[in-house]
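**Q** Just input_20.tsv, nothing more (TSV, C-alpha atoms):
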chain	number	residue	atom	x	y	z
P	168	VAL	CA	-17.21	9.20	29.77
P	169	ALA	CA	-14.75	8.84	32.63
P	170	ALA	CA	-14.10	11.72	34.99
P	171	PRO	CA	-11.16	14.00	34.10
P	172	GLY	CA	-7.89	12.25	34.79
P	173	ASP	CA	-9.59	8.86	35.20
P	174	ASP	CA	-8.01	6.96	32.31
P	175	THR	CA	-9.43	3.51	33.00
P	176	LEU	CA	-9.41	2.56	29.34
P	177	SER	CA	-5.63	2.30	29.44
P	178	ASN	CA	-6.12	-0.92	31.43
P	179	ASN	CA	-6.85	-2.48	28.04
P	180	ASP	CA	-3.43	-1.53	26.62
P	181	ASP	CA	-1.17	-4.28	25.33
P	182	GLU	CA	2.51	-3.92	24.42
P	183	PHE	CA	2.71	-7.65	23.61
P	184	PRO	CA	5.65	-8.30	25.95
P	185	SER	CA	5.08	-12.06	26.30
P	186	THR	CA	5.19	-15.01	23.92
P	187	SER	CA	1.44	-15.60	24.12
P	188	LEU	CA	-1.65	-13.50	23.63
P	189	ASP	CA	-3.29	-12.25	26.82
P	190	GLY	CA	-6.54	-14.05	27.61
P	191	SER	CA	-8.52	-10.80	27.65
P	192	TRP	CA	-8.50	-10.68	23.85
P	193	PHE	CA	-11.26	-12.12	21.66
P	194	LEU	CA	-10.45	-13.61	18.24
P	195	LYS	CA	-12.82	-13.72	15.28
P	196	ASN	CA	-12.43	-15.91	12.18
P	197	THR	CA	-9.57	-18.00	13.55
P	198	ALA	CA	-10.08	-20.52	10.74
P	199	ASN	CA	-8.74	-17.87	8.37
P	200	PHE	CA	-5.55	-16.74	10.12
P	201	ASP	CA	-2.65	-17.73	12.33
P	202	TYR	CA	-1.19	-15.56	15.07
P	203	SER	CA	1.87	-15.39	17.26
P	204	VAL	CA	3.41	-13.05	19.82
P	205	ASP	CA	7.16	-12.59	19.66
P	206	ASP	CA	9.77	-9.82	19.38
P	207	GLY	CA	7.34	-7.57	21.25
P	208	LYS	CA	4.76	-7.77	18.48
P	209	LEU	CA	1.45	-9.44	17.70
P	210	LYS	CA	1.68	-11.01	14.25
P	211	LEU	CA	-1.35	-12.02	12.16
P	212	THR	CA	-0.93	-14.09	9.00
P	213	LEU	CA	-3.72	-15.08	6.62
P	214	LYS	CA	-4.09	-18.75	5.72
P	215	THR	CA	-3.87	-20.04	2.16
P	216	GLY	CA	-7.62	-20.64	2.04
P	217	CYS	CA	-8.01	-16.87	1.79
P	218	GLN	CA	-6.58	-17.09	-1.75
P	219	SER	CA	-9.97	-18.29	-3.03
P	220	PHE	CA	-13.04	-16.10	-3.57
P	221	PRO	CA	-14.66	-14.55	-1.54
P	222	TYR	CA	-11.23	-14.22	0.12
P	223	CYS	CA	-10.91	-13.03	3.75
P	224	VAL	CA	-12.13	-9.48	3.64
P	225	TRP	CA	-13.93	-6.75	5.56
P	226	TYR	CA	-16.16	-5.16	2.92
P	227	ASN	CA	-19.93	-4.73	2.57
P	228	ASP	CA	-21.50	-7.87	4.06
P	229	SER	CA	-18.25	-9.89	3.97
P	230	LYS	CA	-16.94	-10.53	7.49
P	231	SER	CA	-14.18	-13.11	7.07
P	232	GLY	CA	-11.00	-11.12	7.77
P	233	ALA	CA	-8.85	-11.54	10.86
P	234	PHE	CA	-9.96	-9.63	13.97
P	235	VAL	CA	-8.44	-9.53	17.47
P	236	TYR	CA	-10.44	-7.26	19.75
P	237	LYS	CA	-11.65	-6.13	23.17
P	238	ASN	CA	-15.04	-4.70	24.14
P	239	ILE	CA	-14.66	-0.95	24.68
P	240	THR	CA	-17.47	1.18	26.12
P	241	GLY	CA	-18.12	4.86	25.53
P	242	ASP	CA	-15.85	7.46	23.96
P	243	PHE	CA	-12.27	6.40	23.34
P	244	LYS	CA	-9.14	6.70	21.26
P	245	ALA	CA	-7.47	3.50	20.08
P	246	THR	CA	-3.94	3.65	18.72
P	247	THR	CA	-1.60	1.12	17.15
P	248	LEU	CA	1.72	0.99	15.35
P	249	VAL	CA	1.08	-1.38	12.46
P	250	ARG	CA	3.69	-2.87	10.15
P	251	PRO	CA	2.13	-4.53	7.07
P	252	ARG	CA	4.95	-6.83	5.99
P	253	SER	CA	5.45	-9.67	3.54
P	254	ALA	CA	4.71	-13.02	5.20
P	255	ALA	CA	7.40	-14.59	3.02
P	256	THR	CA	9.97	-11.88	3.87
P	257	PRO	CA	8.88	-10.13	7.10
P	258	THR	CA	11.66	-7.55	6.89
P	259	SER	CA	10.13	-6.25	3.65
P	260	PRO	CA	6.87	-4.32	3.19
P	261	VAL	CA	3.76	-6.05	1.95
P	262	PRO	CA	4.23	-6.67	-1.81
P	263	VAL	CA	2.58	-4.34	-4.30
P	264	ALA	CA	2.94	-6.60	-7.35
P	265	GLY	CA	-0.01	-8.98	-7.67
P	266	SER	CA	-1.73	-7.56	-4.59
P	267	PRO	CA	-5.09	-5.92	-5.36
P	268	PHE	CA	-5.84	-5.40	-1.63
P	269	LEU	CA	-3.74	-6.40	1.39
P	270	PHE	CA	-4.31	-4.38	4.56
P	271	ALA	CA	-3.81	-4.28	8.33
P	272	GLY	CA	-4.96	-1.79	10.95
P	273	ILE	CA	-7.62	-1.12	13.59
P	274	MET	CA	-11.41	-1.43	13.54
P	275	ALA	CA	-14.34	-0.43	15.76
P	276	ARG	CA	-17.29	-2.75	15.10
P	277	ASP	CA	-20.81	-3.08	16.44
P	278	PRO	CA	-21.21	-6.47	18.19
P	279	ALA	CA	-24.64	-6.89	16.58
P	280	SER	CA	-22.77	-7.42	13.31
P	281	ASP	CA	-21.99	-10.96	14.46
P	282	SER	CA	-25.59	-12.01	13.86
P	283	GLY	CA	-26.86	-9.22	11.62
P	284	THR	CA	-25.76	-6.59	9.12
P	285	GLU	CA	-22.20	-5.29	9.24
P	286	ASN	CA	-21.59	-1.92	10.91
P	287	TYR	CA	-18.09	-0.65	11.60
P	288	VAL	CA	-15.39	1.92	10.89
P	289	PHE	CA	-11.70	1.28	10.37
P	290	THR	CA	-8.35	2.67	9.31
P	291	VAL	CA	-5.73	0.43	7.71
P	292	SER	CA	-2.38	0.48	5.92
P	293	GLY	CA	-1.16	-1.64	3.04
P	294	VAL	CA	-1.74	-2.14	-0.69
P	295	ARG	CA	-4.79	-0.80	-2.48
P	296	GLY	CA	-4.46	-1.80	-6.13
P	297	SER	CA	-3.03	0.94	-8.33
P	298	ASP	CA	-2.77	3.24	-5.31
P	299	ASN	CA	0.19	1.11	-4.17
P	300	LEU	CA	1.13	1.57	-0.49
P	301	THR	CA	-1.53	3.66	1.20
P	302	ASN	CA	-3.65	4.39	4.26
P	303	GLU	CA	-7.32	3.55	3.69
P	304	THR	CA	-10.30	4.46	5.86
P	305	LYS	CA	-13.72	2.84	5.62
P	306	ASN	CA	-17.21	3.29	7.01
P	307	THR	CA	-19.64	0.38	6.63
P	308	GLU	CA	-23.34	0.95	7.33
P	309	ASN	CA	-25.80	-1.95	7.21
P	310	ASP	CA	-23.64	-4.10	4.91
P	311	THR	CA	-22.71	-1.21	2.61
P	312	SER	CA	-19.17	0.17	2.55
P	313	THR	CA	-19.88	3.58	1.07
P	314	THR	CA	-16.99	5.78	2.20
P	315	ILE	CA	-13.49	4.69	1.26
P	316	LYS	CA	-10.60	7.15	1.13
P	317	SER	CA	-7.03	6.45	0.14
P	318	TYR	CA	-4.00	8.40	1.32
P	319	ILE	CA	-1.09	7.32	-0.87
P	320	TYR	CA	2.29	7.39	0.87
P	321	ALA	CA	4.96	9.64	-0.63
P	322	ASP	CA	7.52	7.10	0.57
P	323	GLN	CA	6.65	3.85	-1.20
P	324	THR	CA	9.33	1.84	0.63
P	325	THR	CA	7.23	1.21	3.75
P	326	ALA	CA	3.63	0.99	4.95
P	327	ASP	CA	4.59	1.03	8.66
P	328	ILE	CA	2.54	3.72	10.41
P	329	GLU	CA	0.82	4.71	13.65
P	330	LEU	CA	-2.97	4.82	13.22
P	331	ARG	CA	-5.74	5.97	15.53
P	332	ILE	CA	-9.54	5.83	15.75
P	333	CYS	CA	-11.18	8.40	18.01
P	334	ARG	CA	-14.83	8.12	19.08
P	335	LEU	CA	-16.90	11.04	20.34
P	336	GLY	CA	-20.51	9.90	20.62
P	337	GLN	CA	-21.63	8.80	17.17
P	338	THR	CA	-18.78	10.61	15.39
P	339	PHE	CA	-15.60	8.76	14.51
P	340	TYR	CA	-12.35	10.48	13.56
P	341	MET	CA	-9.39	8.87	11.82
P	342	PHE	CA	-5.79	9.92	12.52
P	343	ALA	CA	-2.33	8.96	11.27
P	344	LYS	CA	1.01	10.05	12.68
P	345	GLU	CA	3.18	11.80	10.09
P	346	SER	CA	6.66	13.11	10.98
P	347	GLY	CA	5.85	12.70	14.67
P	348	VAL	CA	2.58	14.66	14.49
P	349	TRP	CA	-0.97	13.32	14.62
P	350	VAL	CA	-2.79	14.32	11.42
P	351	GLN	CA	-6.57	14.11	11.24
P	352	ARG	CA	-7.79	12.51	8.03
P	353	ALA	CA	-10.50	14.30	6.08
P	354	ASP	CA	-12.89	11.43	6.67
P	355	VAL	CA	-15.23	12.08	9.61
P	356	PHE	CA	-17.75	9.28	9.98
P	357	ASP	CA	-21.07	10.46	11.43
P	358	ARG	CA	-23.09	7.43	12.56
P	359	SER	CA	-26.02	9.36	14.03
P	360	SER	CA	-28.39	7.94	11.38
P	361	THR	CA	-27.24	4.34	11.96
P	362	ASN	CA	-26.04	4.40	15.54
P	363	LEU	CA	-23.19	2.18	16.61
P	364	ALA	CA	-23.62	0.54	20.02
P	365	ASN	CA	-22.21	2.13	23.18
P	366	THR	CA	-19.93	-0.89	23.57
P	367	LEU	CA	-17.94	-1.79	20.46
P	368	GLN	CA	-15.48	-4.48	19.45
P	369	VAL	CA	-12.20	-2.56	19.02
P	370	GLY	CA	-8.93	-4.07	17.89
P	371	MET	CA	-6.60	-5.20	15.15
P	372	ILE	CA	-7.51	-6.52	11.71
P	373	THR	CA	-5.89	-7.83	8.56
P	374	TYR	CA	-7.55	-8.86	5.32
P	375	ASN	CA	-7.10	-9.50	1.62
P	376	TYR	CA	-9.20	-9.11	-1.50
P	377	GLY	CA	-7.53	-11.06	-4.28
P	378	THR	CA	-5.54	-14.28	-4.59
P	379	ASN	CA	-2.44	-12.93	-2.84
P	380	THR	CA	-2.22	-13.57	0.92
P	381	ASP	CA	1.41	-12.54	1.38
P	382	ILE	CA	0.87	-10.33	4.41
P	383	GLN	CA	2.13	-10.56	7.98
P	384	ALA	CA	0.37	-7.87	9.99
P	385	GLN	CA	2.72	-6.85	12.80
P	386	PHE	CA	1.41	-4.75	15.69
P	387	ASP	CA	3.89	-3.23	18.15
P	388	TYR	CA	1.13	-2.26	20.57
P	389	ILE	CA	-2.44	-1.14	20.96
P	390	ARG	CA	-3.30	1.61	23.45
P	391	PHE	CA	-6.60	3.04	24.62
P	392	GLY	CA	-7.37	6.41	26.14
P	393	GLU	CA	-10.27	8.52	27.40
P	394	VAL	CA	-11.41	11.50	25.30
P	395	SER	CA	-13.95	14.26	25.88
P	396	SER	CA	-13.16	16.59	22.96
P	397	LEU	CA	-11.63	16.51	19.51
P	398	SER	CA	-8.42	18.05	20.83
P	399	ASP	CA	-7.95	14.98	23.05
P	400	CYS	CA	-7.80	12.83	19.92
P	401	SER	CA	-4.42	14.24	18.85
P	402	ILE	CA	-2.71	13.96	22.23
P	403	ASP	CA	-0.47	10.97	23.02
Do you think you could lay out the structure here as structure tokens?
**A**
Amino acid sequence: VAAPGDDTLSNNDDEFPSTSLDGSWFLKNTANFDYSVDDGKLKLTLKTGCQSFPYCVWYNDSKSGAFVYKNITGDFKATTLVRPRSAATPTSPVPVAGSPFLFAGIMARDPASDSGTENYVFTVSGVRGSDNLTNETKNTENDTSTTIKSYIYADQTTADIELRICRLGQTFYMFAKESGVWVQRADVFDRSSTNLANTLQVGMITYNYGTNTDIQAQFDYIRFGEVSSLSDCSID
């Protein structure tokens, strides 16, 4: 953990001000998605090949969704403003009709997952079947996604939301900003029995499960910060 006031993690921030993605980012599964940077946003769009089973998903041992990440060491908070929009009509939210699962958000993943079993946590926004527009959190341990919670939005006209993952040792907290206030989700993921590495792949994801790929995941920014206590997790 950095010394008090030494916020070196913020050097990894990106407001996407250019028309190209900064070279410090790593991209996983580029055969399954396209990306662009414009209008001050990173935009990820799934390719049509994701319409066929097993789709392009982050679930259990499936690791084919889009992922744009940096390697982050130690405790951290990672925050993004995500806008899950229709790829066909980017001014509209991701479509509910015919969309079993279409999501976008942020993930913290163990690098050993690249050659072994999947281990990660994430928080995403989008469509979750009959839950309609919702925030979903997930904890995957050794290829098994066992903890999935859904927070259905009262306002079903948008899935745009600020999301945050906060790491304190082997405990991961999920936050969402509601009415300008950071709200801690009930899901607290304790990875002390299946430790995640000290350095994790942390960044932006989008994925589908089902034949519909009509999602453009728009990210206004991603920001990183040092934390030493749970109270730090809810401070901008």
**Q** Using only C-alpha atoms, find the one residue out of P:Gly293, P:Gly283, P:Gly265, P:Gly190 that sits nearest to Gln385 in chain P.
**A**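 Ranking P:Gly293, P:Gly283, P:Gly265, P:Gly190 by distance to Gln385 in chain P, first place goes to P:Gly293.
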**Q** I need the residue nearest Gly392 in chain P from this list: P:Asp354, P:Asp201, P:Glu345, P:Asp242. Use only C-alpha atoms for the distance.
**A**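 Ranked by minimum distance to Gly392 in chain P, first place goes to P:Asp242.
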**Q** With 7 Å as the threshold, what does the neighbourhood of (2.3, 5.4, 20.8) contain in terms of residues, counting only C-alpha atoms? Coordinates are those of the file; answer as a list in words.
**A**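 Result, sorted by chain then residue number: Thr246, Thr247 and Asp403 of chain P.
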**Q** Applying 9 Å and all atoms listed in the file, which residues near Cys223 in chain P remain after dropping the ones on its own chain fewer than 5 positions away? List them as a list of chain:residue names.
**A**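 My reading of the contact set: P:Asn199, P:Leu213, P:Gly216, P:Cys217, P:Gln218, P:Ser229, P:Lys230, P:Ser231, P:Gly232, P:Ala233, P:Thr373, P:Tyr374, P:Asn375, P:Tyr376, P:Gly377.
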**Q** Which residue is closest to Lys208 in chain P? Choose from P:Leu397, P:Val348, P:Ile319, P:Ile389 and count only C-alpha atoms.
**A**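 Selected residue with least distance to Lys208 in chain P: P:Ile389.
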**Q** Have a look at P:Gly336, P:Gly272, P:Pro257, P:Gly347 and name the one nearest to Gly370 in chain P; count only C-alpha atoms.
**A**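 Once distances to Gly370 in chain P are computed over only C-alpha atoms, the minimum belongs to P:Gly272.
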**Q** Smallest atom-to-atom distance to Ser292 in chain P: which of P:Thr378, P:Ser360, P:Gln323, P:Ser185, using all atoms listed in the file?
**A**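 Looking at the shortest contact to Ser292 in chain P, the residue is P:Gln323.
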**Q** Between P:Val355, P:Val204, P:Val350, P:Ala271, which residue has the minimum interatomic distance to Gln337 in chain P, considering only C-alpha atoms?
**A**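 Smallest separation from Gln337 in chain P among the options: P:Val355.
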**Q** CA of Phe270 in chain P to CA of Arg252 in chain P: how many Å, to one decimal?
**A**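 Pair CA of Phe270 in chain P / CA of Arg252 in chain P returns 9.7 Å.
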**Q** So what do you get for CA of Trp225 in chain P versus CA of Thr380 in chain P, distance-wise?
**A**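 Distance reported for this atom pair: 14.3 Å.
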**Q** Quote the spacing between CA of Tyr236 in chain P and CA of Asn299 in chain P in Å to one decimal place.
**A** 27.5 Å
